[in-house]
Every structure is written in structure tokens, then in C-alpha cells.
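A.B. asks: Sharing target-v9.cif (mmCIF, C-alpha atoms) below.
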data_input
loop_
_atom_site.label_atom_id
_atom_site.label_comp_id
_atom_site.auth_asym_id
_atom_site.auth_seq_id
_atom_site.Cartn_x
_atom_site.Cartn_y
_atom_site.Cartn_z
CA MET A 1 -134.41 -59.84 109.32
CA MET A 2 -132.16 -62.75 110.24
CA PRO A 3 -132.95 -65.46 112.81
CA THR A 4 -132.37 -64.52 116.45
CA SER A 5 -130.87 -67.83 117.52
CA VAL A 6 -128.23 -70.07 115.91
CA ARG A 7 -127.26 -73.45 117.31
CA PHE A 8 -124.27 -75.38 116.00
CA ILE A 9 -124.39 -79.11 116.67
CA THR A 10 -121.02 -80.67 115.97
CA VAL A 11 -119.65 -84.17 116.40
CA GLY A 12 -116.12 -84.30 117.73
CA SER A 13 -114.00 -81.71 119.47
CA LEU A 14 -111.63 -79.11 118.11
CA LYS A 15 -108.18 -80.37 118.98
CA GLU A 16 -106.07 -77.59 117.45
CA SER A 17 -105.81 -74.31 119.34
CA TYR A 18 -105.83 -72.23 116.15
CA LEU A 19 -109.20 -73.75 115.16
CA ARG A 20 -110.64 -73.11 118.64
CA GLU A 21 -109.41 -69.49 118.45
CA ALA A 22 -110.97 -68.97 115.02
CA VAL A 23 -114.33 -70.40 116.13
CA SER A 24 -114.18 -68.27 119.28
CA GLU A 25 -113.59 -65.12 117.22
CA TYR A 26 -116.55 -65.79 114.90
CA ARG A 27 -118.77 -66.80 117.83
CA LYS A 28 -117.91 -63.47 119.47
CA ARG A 29 -118.73 -61.57 116.25
CA LEU A 30 -122.00 -63.44 115.79
CA SER A 31 -123.07 -62.95 119.41
CA GLY A 32 -123.69 -59.28 118.67
CA MET A 33 -126.32 -60.26 116.10
CA CYS A 34 -127.96 -63.37 117.53
CA ARG A 35 -127.86 -65.84 120.37
CA VAL A 36 -125.18 -68.43 119.57
CA GLU A 37 -125.06 -71.87 121.11
CA GLU A 38 -122.70 -74.71 120.33
CA ILE A 39 -123.35 -78.30 121.27
CA GLU A 40 -120.31 -80.51 120.86
CA LEU A 41 -121.17 -84.20 120.85
CA LYS A 42 -118.77 -87.04 121.43
CA GLU A 43 -117.60 -88.83 118.30
CA THR A 44 -118.01 -92.60 118.41
CA ARG A 45 -114.60 -94.24 118.52
CA LEU A 46 -113.90 -96.60 115.67
CA PRO A 47 -110.95 -98.88 114.87
CA ASP A 48 -108.34 -97.71 112.37
CA ASN A 49 -109.95 -99.61 109.51
CA PRO A 50 -113.64 -99.83 110.40
CA SER A 51 -116.02 -102.00 108.43
CA ASP A 52 -119.07 -100.50 106.74
CA ALA A 53 -121.24 -102.04 109.47
CA GLU A 54 -119.11 -100.42 112.21
CA ILE A 55 -119.36 -97.04 110.47
CA ARG A 56 -123.15 -97.35 110.10
CA ALA A 57 -123.48 -98.28 113.78
CA ALA A 58 -121.33 -95.31 114.83
CA LEU A 59 -123.32 -92.89 112.65
CA SER A 60 -126.56 -94.29 114.04
CA ALA A 61 -125.39 -93.77 117.64
CA GLU A 62 -124.27 -90.23 116.81
CA ALA A 63 -127.61 -89.60 115.07
CA LYS A 64 -129.56 -90.28 118.27
CA ALA A 65 -127.58 -87.59 120.12
CA ILE A 66 -127.81 -85.15 117.19
CA LEU A 67 -131.57 -85.55 116.79
CA ALA A 68 -132.08 -85.06 120.53
CA ALA A 69 -130.12 -81.78 120.36
CA ILE A 70 -132.15 -80.18 117.55
CA PRO A 71 -134.65 -77.69 119.03
CA PRO A 72 -138.24 -78.61 118.11
CA ARG A 73 -139.00 -75.41 116.16
CA ALA A 74 -135.57 -74.91 114.62
CA PHE A 75 -134.83 -74.83 110.92
CA ALA A 76 -132.21 -77.59 110.80
CA VAL A 77 -129.44 -77.49 108.20
CA ALA A 78 -127.28 -80.59 107.68
CA LEU A 79 -123.87 -80.10 106.10
CA CYS A 80 -123.29 -82.94 103.67
CA VAL A 81 -121.53 -83.51 100.37
CA GLU A 82 -124.76 -84.17 98.46
CA GLY A 83 -126.34 -80.97 99.77
CA GLN A 84 -127.35 -77.90 97.83
CA LYS A 85 -124.63 -75.40 96.93
CA MET A 86 -125.38 -71.70 97.38
CA SER A 87 -123.51 -68.45 97.08
CA SER A 88 -123.16 -66.36 100.23
CA PRO A 89 -125.93 -63.93 99.12
CA GLU A 90 -128.22 -66.87 98.27
CA LEU A 91 -127.65 -68.45 101.67
CA SER A 92 -128.22 -65.11 103.39
CA ARG A 93 -131.57 -64.68 101.61
CA ARG A 94 -132.55 -68.25 102.46
CA LEU A 95 -131.74 -67.73 106.13
CA GLU A 96 -133.68 -64.46 106.15
CA ALA A 97 -136.70 -66.32 104.74
CA VAL A 98 -136.43 -68.84 107.59
CA THR A 99 -137.20 -66.03 110.03
CA ASP A 100 -140.77 -66.03 108.73
CA GLU A 101 -141.11 -69.64 109.90
CA THR A 102 -138.95 -69.64 113.03
CA GLY A 103 -136.30 -67.48 114.62
CA GLU A 104 -134.12 -70.51 115.27
CA LEU A 105 -131.44 -71.98 113.03
CA CYS A 106 -129.60 -75.20 113.74
CA PHE A 107 -126.52 -76.25 111.76
CA ILE A 108 -125.27 -79.82 111.98
CA ILE A 109 -121.73 -80.98 111.23
CA GLY A 110 -121.14 -84.71 111.52
CA SER A 111 -118.04 -86.70 112.31
CA SER A 112 -115.32 -87.55 109.83
CA TYR A 113 -117.66 -90.22 108.42
CA GLY A 114 -120.48 -87.73 107.89
CA LEU A 115 -124.08 -87.95 109.03
CA ALA A 116 -126.54 -90.82 109.27
CA PRO A 117 -129.42 -90.82 106.76
CA GLU A 118 -131.94 -90.12 109.55
CA VAL A 119 -130.18 -86.85 110.41
CA LYS A 120 -130.15 -85.77 106.76
CA SER A 121 -133.85 -86.63 106.52
CA ALA A 122 -134.66 -84.60 109.62
CA ALA A 123 -132.95 -81.50 108.21
CA ARG A 124 -135.02 -78.92 106.36
CA LEU A 125 -132.00 -78.09 104.20
CA ARG A 126 -128.98 -80.11 103.14
CA LEU A 127 -126.10 -77.78 102.46
CA SER A 128 -122.81 -78.42 100.70
CA VAL A 129 -120.21 -75.71 101.19
CA SER A 130 -117.89 -76.85 98.40
CA ASP A 131 -116.97 -79.66 96.06
CA LEU A 132 -113.65 -79.71 97.89
CA THR A 133 -113.16 -81.99 100.87
CA PHE A 134 -112.31 -80.39 104.22
CA PRO A 135 -111.62 -81.94 107.62
CA HIS A 136 -114.82 -81.73 109.67
CA GLN A 137 -112.96 -79.69 112.31
CA LEU A 138 -111.98 -77.04 109.76
CA MET A 139 -115.53 -77.09 108.43
CA ARG A 140 -116.70 -75.69 111.75
CA VAL A 141 -114.56 -72.56 111.21
CA ILE A 142 -115.74 -72.27 107.61
CA LEU A 143 -119.38 -72.58 108.67
CA TYR A 144 -119.04 -69.95 111.41
CA GLU A 145 -117.50 -67.54 108.90
CA ALA A 146 -120.19 -68.28 106.31
CA ILE A 147 -122.99 -67.61 108.81
CA TYR A 148 -121.31 -64.43 110.03
CA ARG A 149 -121.04 -63.34 106.39
CA CYS A 150 -124.76 -64.04 105.87
CA TYR A 151 -125.65 -61.74 108.77
CA GLN A 152 -123.34 -59.06 107.37
CA ILE A 153 -124.94 -59.35 103.93
CA ALA A 154 -128.41 -59.07 105.44
CA LYS A 155 -127.55 -55.83 107.21
CA GLY A 156 -125.84 -54.36 104.13
CA SER A 157 -122.35 -54.32 105.61
CA LYS A 158 -119.25 -53.90 103.46
CA TYR A 159 -117.82 -57.12 104.95
CA HIS A 160 -119.06 -59.01 101.90
CA LYS A 161 -117.46 -57.38 98.87
#
Take the structure from the file and write it as C-alpha cells.

C.D. replies:
Amino acid sequence: MMPTSVRFITVGSLKESYLREAVSEYRKRLSGMCRVEEIELKETRLPDNPSDAEIRAALSAEAKAILAAIPPRAFAVALCVEGQKMSSPELSRRLEAVTDETGELCFIIGSSYGLAPEVKSAARLRLSVSDLTFPHQLMRVILYEAIYRCYQIAKGSKYHK
């Protein structure tokens, strides 16, 4: 059995209509299988060429908002480049196992500069979707599809071939 609640915490907004439409479609598909909630946090504005200190300060400010948005009982998953890589069936099995602990999942996508170390430390799983680099806005669509696929795998659907 898969978790009954999935929260997506994302930093920054989807500016492109085609990305908003794709997320909307997957949110609609997922809503038939679980409660879906999306929390979109404001990205800290930085100058065109920010210093390392400015980036750290921005990530720290974003981290406070992210950490406050994680439900207390949720199994939090931070998307980050150094995270664990899994196949779709492996991720589906892992998410099914989470149901034994809690029925709540929480996925976190940071800004274009990533996530602060304190957010990564707070996550129960660090997940890397690919060795390729994607814009964080596109990653939201990819994550929605991946989670939808996990639910389909868990129920034995032919969606995952």
C-alpha cells in the first residue's frame, strides 16, 4: 500500500504555462490515489553574479521556510545531486515501505542553487533523479511523473512497461 498523502514543497514558481499544465495533469492523476498538496515557496532574489556568501544566506533563508512546511510525521525526501539513485520499481517499493512508518510523504525541490545542508539533513532520504542536470522548474514535472509512476507500479498497472 502506498502513502495516502503526498506534499510537494518547491522553491520558486512555474513561469512557463506548459510546465504548469504538465504539473496540473499529474496532480489530477495522483489525486485519485492520494491526497496531493503543493507548497510553493518564494525564491530568495539574488544578484546576477552572487557571491558564495550571498548564495549560502539565500539557501539558509529558504531552508527556514522549507523546514517549517514539512509535516511533523512525514517521510521527507530531498532532491539533490548527491542523493541516492533508484529505478522506478525501487522507488515504488521504498515508498510502499514508508507506509509502515507514516502515510505521509514530503518531496522537497530547492531553488536553482539547490538546498541548504540543514534541509538535506532533515530529510529521511536524499534522492537524485539523474546524473543529468535539469532546471528546477522542469524537475517538478519529472518528480510528479515519477511519483505517479510509483503509484502505478504499486497497483500493478500497465503504465510502467

A.B. asks: What lies within 9 Å of Ala61 of chain A using all atoms listed in the file, ignoring chain neighbours under 4 positions off, as a list in words?

C.D. replies: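 That gives Thr44, Arg56, Ala57, Ala65, Ile66 and Ala116 of chain A.
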
A.B. asks: Hey, can you spit out that residue selection with C-alpha atoms as a compact mmCIF listing (two decimals), keeping the file's coordinate frame?

C.D. replies:
# COMPACT_ATOMS: atom_id res chain seq x y z
CA THR A 44 -118.01 -92.60 118.41
CA ARG A 56 -123.15 -97.35 110.10
CA ALA A 57 -123.48 -98.28 113.78
CA ALA A 65 -127.58 -87.59 120.12
CA ILE A 66 -127.81 -85.15 117.19
CA ALA A 116 -126.54 -90.82 109.27

A.B. asks: Which residues come within 7 Å of Gly110 of chain A, counting only C-alpha atoms, excluding same-chain residues fewer than 2 positions away, as a VMD selection string?

C.D. replies: chain A and resid 10 to 11 108 112 114 to 115

A.B. asks: Between A:Pro89, A:Gly83, A:Pro71, A:Pro50, single out the one closest to Tyr148 of chain A, counting all atoms listed in the file.

C.D. replies: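 Answer, going by the shortest atom-to-atom distance: A:Pro89.
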
A.B. asks: For this file, the PyMOL selection byres ((chain A and resi 154-159) around 9) selects which residues, as a list in words?

C.D. replies: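 The output of the PyMOL selection byres ((chain A and resi 154-159) around 9) on this file is Met1, Met2, Pro89, Ser92, Arg93, Glu96, Arg149, Cys150, Tyr151, Gln152, Ile153, His160 and Lys161 of chain A.
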
A.B. asks: Kindly indicate which residue among A:Ala63, A:Ile142, A:Ile109, A:Ile55 lies nearest to Val81 of chain A, using all atoms listed in the file for the distances.

C.D. replies: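 Selected residue with least distance to Val81 of chain A: A:Ile109.
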
A.B. asks: Using the block above, I'd like segment 50-62 of chain A written out, keeping all heavy atoms and formatting it as a PDB file, in the first residue's frame.

C.D. replies:
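Saved result, out24.pdb, follows:
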ATOM      1  N   PRO A  50      25.991  36.217  -7.850  1.00  0.00           N
ATOM      2  CA  PRO A  50      26.056  36.232  -6.385  1.00  0.00           C
ATOM      3  C   PRO A  50      27.352  35.611  -5.864  1.00  0.00           C
ATOM      4  O   PRO A  50      27.927  34.716  -6.482  1.00  0.00           O
ATOM      5  CB  PRO A  50      24.853  35.385  -5.973  1.00  0.00           C
ATOM      6  CG  PRO A  50      24.640  34.460  -7.124  1.00  0.00           C
ATOM      7  CD  PRO A  50      25.018  35.248  -8.344  1.00  0.00           C
ATOM      8  N   SER A  51      27.778  36.100  -4.728  1.00  0.00           N
ATOM      9  CA  SER A  51      28.954  35.527  -4.067  1.00  0.00           C
ATOM     10  C   SER A  51      28.521  34.240  -3.360  1.00  0.00           C
ATOM     11  O   SER A  51      27.334  33.989  -3.169  1.00  0.00           O
ATOM     12  CB  SER A  51      29.513  36.517  -3.034  1.00  0.00           C
ATOM     13  OG  SER A  51      28.588  36.653  -1.959  1.00  0.00           O
ATOM     14  N   ASP A  52      29.492  33.452  -2.948  1.00  0.00           N
ATOM     15  CA  ASP A  52      29.185  32.231  -2.200  1.00  0.00           C
ATOM     16  C   ASP A  52      28.430  32.566  -0.912  1.00  0.00           C
ATOM     17  O   ASP A  52      27.507  31.858  -0.527  1.00  0.00           O
ATOM     18  CB  ASP A  52      30.459  31.449  -1.881  1.00  0.00           C
ATOM     19  CG  ASP A  52      31.057  30.787  -3.113  1.00  0.00           C
ATOM     20  OD1 ASP A  52      30.349  30.653  -4.141  1.00  0.00           O
ATOM     21  OD2 ASP A  52      32.244  30.397  -3.053  1.00  0.00           O
ATOM     22  N   ALA A  53      28.826  33.646  -0.262  1.00  0.00           N
ATOM     23  CA  ALA A  53      28.163  34.060   0.986  1.00  0.00           C
ATOM     24  C   ALA A  53      26.698  34.439   0.724  1.00  0.00           C
ATOM     25  O   ALA A  53      25.815  34.108   1.518  1.00  0.00           O
ATOM     26  CB  ALA A  53      28.910  35.221   1.630  1.00  0.00           C
ATOM     27  N   GLU A  54      26.444  35.140  -0.380  1.00  0.00           N
ATOM     28  CA  GLU A  54      25.056  35.508  -0.723  1.00  0.00           C
ATOM     29  C   GLU A  54      24.217  34.259  -1.023  1.00  0.00           C
ATOM     30  O   GLU A  54      23.054  34.177  -0.617  1.00  0.00           O
ATOM     31  CB  GLU A  54      25.037  36.450  -1.926  1.00  0.00           C
ATOM     32  CG  GLU A  54      25.549  37.845  -1.608  1.00  0.00           C
ATOM     33  CD  GLU A  54      25.738  38.695  -2.851  1.00  0.00           C
ATOM     34  OE1 GLU A  54      26.247  38.177  -3.878  1.00  0.00           O
ATOM     35  OE2 GLU A  54      25.372  39.899  -2.795  1.00  0.00           O
ATOM     36  N   ILE A  55      24.811  33.302  -1.705  1.00  0.00           N
ATOM     37  CA  ILE A  55      24.096  32.056  -2.005  1.00  0.00           C
ATOM     38  C   ILE A  55      23.795  31.302  -0.718  1.00  0.00           C
ATOM     39  O   ILE A  55      22.665  30.842  -0.510  1.00  0.00           O
ATOM     40  CB  ILE A  55      24.909  31.176  -2.986  1.00  0.00           C
ATOM     41  CG1 ILE A  55      24.977  31.860  -4.355  1.00  0.00           C
ATOM     42  CG2 ILE A  55      24.291  29.775  -3.102  1.00  0.00           C
ATOM     43  CD1 ILE A  55      25.960  31.212  -5.325  1.00  0.00           C
ATOM     44  N   ARG A  56      24.777  31.171   0.167  1.00  0.00           N
ATOM     45  CA  ARG A  56      24.556  30.489   1.452  1.00  0.00           C
ATOM     46  C   ARG A  56      23.458  31.174   2.257  1.00  0.00           C
ATOM     47  O   ARG A  56      22.604  30.514   2.851  1.00  0.00           O
ATOM     48  CB  ARG A  56      25.850  30.422   2.261  1.00  0.00           C
ATOM     49  CG  ARG A  56      26.790  29.318   1.814  1.00  0.00           C
ATOM     50  CD  ARG A  56      27.916  29.070   2.822  1.00  0.00           C
ATOM     51  NE  ARG A  56      28.674  30.266   3.169  1.00  0.00           N
ATOM     52  CZ  ARG A  56      29.690  30.752   2.463  1.00  0.00           C
ATOM     53  NH1 ARG A  56      30.069  30.145   1.354  1.00  0.00           N
ATOM     54  NH2 ARG A  56      30.320  31.848   2.843  1.00  0.00           N
ATOM     55  N   ALA A  57      23.462  32.489   2.288  1.00  0.00           N
ATOM     56  CA  ALA A  57      22.438  33.239   3.030  1.00  0.00           C
ATOM     57  C   ALA A  57      21.046  33.004   2.428  1.00  0.00           C
ATOM     58  O   ALA A  57      20.064  32.827   3.160  1.00  0.00           O
ATOM     59  CB  ALA A  57      22.767  34.729   3.047  1.00  0.00           C
ATOM     60  N   ALA A  58      20.967  32.987   1.101  1.00  0.00           N
ATOM     61  CA  ALA A  58      19.685  32.745   0.435  1.00  0.00           C
ATOM     62  C   ALA A  58      19.179  31.331   0.738  1.00  0.00           C
ATOM     63  O   ALA A  58      17.998  31.141   1.059  1.00  0.00           O
ATOM     64  CB  ALA A  58      19.821  32.946  -1.073  1.00  0.00           C
ATOM     65  N   LEU A  59      20.071  30.350   0.642  1.00  0.00           N
ATOM     66  CA  LEU A  59      19.674  28.966   0.923  1.00  0.00           C
ATOM     67  C   LEU A  59      19.248  28.801   2.377  1.00  0.00           C
ATOM     68  O   LEU A  59      18.303  28.065   2.677  1.00  0.00           O
ATOM     69  CB  LEU A  59      20.813  27.998   0.592  1.00  0.00           C
ATOM     70  CG  LEU A  59      21.152  27.836  -0.883  1.00  0.00           C
ATOM     71  CD1 LEU A  59      22.333  26.882  -1.065  1.00  0.00           C
ATOM     72  CD2 LEU A  59      19.950  27.358  -1.677  1.00  0.00           C
ATOM     73  N   SER A  60      19.916  29.510   3.264  1.00  0.00           N
ATOM     74  CA  SER A  60      19.556  29.445   4.683  1.00  0.00           C
ATOM     75  C   SER A  60      18.170  30.037   4.924  1.00  0.00           C
ATOM     76  O   SER A  60      17.365  29.482   5.681  1.00  0.00           O
ATOM     77  CB  SER A  60      20.608  30.188   5.514  1.00  0.00           C
ATOM     78  OG  SER A  60      20.289  30.126   6.872  1.00  0.00           O
ATOM     79  N   ALA A  61      17.875  31.153   4.280  1.00  0.00           N
ATOM     80  CA  ALA A  61      16.541  31.770   4.413  1.00  0.00           C
ATOM     81  C   ALA A  61      15.475  30.846   3.845  1.00  0.00           C
ATOM     82  O   ALA A  61      14.408  30.660   4.444  1.00  0.00           O
ATOM     83  CB  ALA A  61      16.518  33.127   3.700  1.00  0.00           C
ATOM     84  N   GLU A  62      15.747  30.254   2.682  1.00  0.00           N
ATOM     85  CA  GLU A  62      14.792  29.319   2.082  1.00  0.00           C
ATOM     86  C   GLU A  62      14.621  28.089   2.968  1.00  0.00           C
ATOM     87  O   GLU A  62      13.512  27.550   3.096  1.00  0.00           O
ATOM     88  CB  GLU A  62      15.262  28.909   0.681  1.00  0.00           C
ATOM     89  CG  GLU A  62      15.193  30.050  -0.312  1.00  0.00           C
ATOM     90  CD  GLU A  62      15.936  29.799  -1.618  1.00  0.00           C
ATOM     91  OE1 GLU A  62      16.535  28.717  -1.787  1.00  0.00           O
ATOM     92  OE2 GLU A  62      15.920  30.707  -2.473  1.00  0.00           O
TER      93      GLU A  62
END
